[in-house]
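Shown next, in structure tokens, is the structure this report addresses.
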Amino acid sequence: MSKLIIKSKSRHSLSENDVTPEEVFKDRRAILKAMGMGAVGAGLAGGTAPALAQGFFDSLFGQDEGPERKVRTGKPLDFENLQSPKPDLKLTPEIKAITYNNFYEFGTQKTDPAMNSKDFQVKPWTLEIGGEVEKPTTVDVWELINSADLEERIYRFRCVEAWSMNIPWIGIELNKLLSKVKPTSKAKYVAFQTLYDPEQMPGQKSRYLGGGIDYPYVEGLRIDEAMHPLALMVVGMYGKTLPPQNGAPLRLMTPWKYGFKSIKSIVKIDLVEKMPPTTWNILAPHEYGFYANVNPKVDHPRWSQASERHIGEGAIARRQPTLMFNGYEEEVASLYKGMDLRKWY
Ligand code: MTE
């Protein structure tokens with residue numbers, strides 16, 4: 001059982017507070033071939049994860065191979081590392097985490113987000129927080145990134161498709177943002193919304209590219225889940241701002257839930273009285289629930305959730321058992337007292 005690991009906490013400054021198209025890659029066919037993905041369908045349709053070739057990923061970071069072999073990464077966040085003790089989770093290599101993505105606004109193949117989001121504009125960016133609150137507000141996200149006390153947290157990350165990674169996220173607890181707007185007693189749920197901008201997001205323009213989703217992508221949490229200290233508003237990873245493919249400039253991370261809850265590129269948060277609609281539940285209500293807590297005892301209708309392919313350092317993803325609440329049972333189980341954990345929610 002891993003404890004909540006707070007690796008570092010610091011004030012930091014960004015000279016150019018933006019993500020930069022540092023690297024971009026184009027050779028889609030070679031990439032798909034190397035990943036063994038030529039004929040693999042859309043992610044949440046449950047396709048098998050390919051073997052991940054370390055050498056191939058390393059080559060994407062290579063400086064000698066010309067601009068067409070590059071992917072976009074973030075700008076370094078200047079923060080002190082106060083980590084102690086060392087977390088017991090081995091990190092997934094950064095290049096894998098930023099090239100193997102689900103972000104259907106940029107396409108449904110795992111390599112599409114990194115390829116199709118290279119020109120995504122994330123500055124300026126505002127976040128509206130409203131609904132059942134005393135003090136609705138509009139947050140300048142880059143101001144927040146520059147002024148907040150950011151924490152680095154290494155979390156397990158488990159996708160409903162049965163692959164997992166260990167990622168060092170940087171962000172602030174969601175409850176810190178929410179308590180500023182003073183939720184009223186009617187605020188029972190929190191609804192999140194991704195940017196809607198079909199000009200920038202090809203998947204929003206074409207139902208084919210966007211996997212048939214009705215955009216904008218929406219997600220939700222119960223208010224007590226949102227106030228839990230593990231729920232993080234993420235602004236960075238691997239010591240840098242988020243690259244677009246990972247949800248720049250601001251995304252959610254609830255590590256005890258399946259990855260589709262961690263909505264990316266958020267522009268709006270509403271506190272609401274009723275359970276809000278959520279994208280994957282709308283699309284396939286018999287397959288994806290509102291709570292979507294990681295649970296090895298409850299299979300997806302089309303595949304087992306008992307184990308996962310861990311995408312780590314090796315060339316091949318390693319199979320490992322999936323943990324209840326993704327290893328955060330001690331921290332979050334009390335939120336679900338009275339719910340039958342053998343059931344699907
Ligand atoms: N948010 C938006 N707006 N659109 C998406 O398609 N995909 C979700 C989630 N957030 C998604 C999203 C899914 S299914 C997963 S598993 C994670 O993002 C993937 O995050 P990653 O690409 O950083 O690994």
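Following the order of the structure tokens, first chain is A, next is B, and so on, with residues numbered from 1 inside each chain and ligands from 1 in the order they appear.
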Q: Tell me, as an MDAnalysis selection string, which residues lie within 12 Å of Asp197 of chain A, counting only C-alpha atoms; anything in the same chain fewer than 6 positions away does not count.
A: chainID A and resid 105:106 120:122 203:205 215:217 265 267
Q. Could you list, as a list in words, all the residues within 6 Å of ligand 1, counting only C-alpha atoms and all ligand atoms?
A. Asn101, Asn102, Phe103, Tyr104, Glu105, Cys159, Thr194, Tyr217, Asn246, Gly259, Phe260, Ser262, Ile263 and Lys264 of chain A
Quick one: write out the picked residues with N, CA and C atoms as a short mmCIF file (atom, residue, chain, number, x, y, z; two decimals), in the first residue's frame?
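This went into out.cif:
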data_model
loop_
_atom_site.label_atom_id
_atom_site.label_comp_id
_atom_site.auth_asym_id
_atom_site.auth_seq_id
_atom_site.Cartn_x
_atom_site.Cartn_y
_atom_site.Cartn_z
N ASN A 101 -1.02 8.21 -25.65
CA ASN A 101 -2.04 9.02 -24.96
C ASN A 101 -3.46 8.71 -25.42
N ASN A 102 -4.40 9.05 -24.57
CA ASN A 102 -5.81 9.13 -24.94
C ASN A 102 -6.23 10.59 -24.82
N PHE A 103 -6.55 11.19 -25.94
CA PHE A 103 -7.07 12.56 -25.97
C PHE A 103 -7.80 12.66 -27.30
N TYR A 104 -9.06 12.16 -27.29
CA TYR A 104 -9.80 11.92 -28.53
C TYR A 104 -10.05 13.20 -29.33
N GLU A 105 -9.96 14.35 -28.69
CA GLU A 105 -10.10 15.61 -29.43
C GLU A 105 -9.02 15.71 -30.51
N CYS A 159 -5.51 3.09 -16.62
CA CYS A 159 -6.55 3.33 -17.63
C CYS A 159 -7.55 2.18 -17.59
N THR A 194 -13.98 20.27 -20.79
CA THR A 194 -12.79 20.53 -21.62
C THR A 194 -13.10 21.64 -22.61
N TYR A 217 -15.89 17.30 -24.08
CA TYR A 217 -15.69 16.21 -23.12
C TYR A 217 -16.07 16.75 -21.74
N ASN A 246 -1.00 15.72 -23.12
CA ASN A 246 -1.34 15.25 -21.77
C ASN A 246 -2.33 16.17 -21.07
N GLY A 259 -8.57 6.16 -15.71
CA GLY A 259 -7.99 7.35 -16.33
C GLY A 259 -8.97 8.26 -17.05
N PHE A 260 -10.12 7.71 -17.52
CA PHE A 260 -11.02 8.59 -18.29
C PHE A 260 -11.65 9.67 -17.43
N SER A 262 -9.90 11.56 -15.60
CA SER A 262 -8.92 12.65 -15.48
C SER A 262 -8.98 13.55 -16.70
N ILE A 263 -10.02 14.34 -16.73
CA ILE A 263 -10.34 15.21 -17.88
C ILE A 263 -9.23 16.23 -18.14
N LYS A 264 -8.97 16.44 -19.42
CA LYS A 264 -7.84 17.29 -19.84
C LYS A 264 -8.29 18.68 -20.29
#
Q: Please indicate the distance in Å from atom CA of Ala231 of chain A to atom CA of Lys123 of chain A, rounded to one decimal place.
A: 24.4 Å
**Q.** Selected residue of minimal separation from Gly107 of chain A among A:Ile213, A:Leu174, A:Leu89, A:Met165, counting only C-alpha atoms
**A.**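 Looking at the shortest contact to Gly107 of chain A, the residue is A:Ile213.
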Q | alpha helix (DSSP H) residues, from DSSP on the backbone, in segment 254-320 of chain A, as a list of chain:residue names | A |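 Assigned to alpha helix (DSSP H), within segment 254-320 of chain A: A:Thr279, A:Trp280, A:Asn281, A:Ile282, A:Leu283.
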**Q.** Residue set, segment 76-312 of chain A restricted to strand (DSSP E or B), as a PyMOL selection string
**A.** chain A and resi 76+126-131+133+137-140+150-158+163-173+183+189-194+218-222+232-237+240-241+251-253+257+266-272+293+300+303+307-310
Q: Work out how far atom CA of Asp119 of chain A is from atom CA of Glu151 of chain A, in Å to one decimal.
A: 27.7 Å
Q) Interatomic distance between atom CA of Pro285 of chain A and atom CA of Gln305 of chain A? A)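 Taking atom CA of Pro285 of chain A and atom CA of Gln305 of chain A, their separation equals 17.5 Å.
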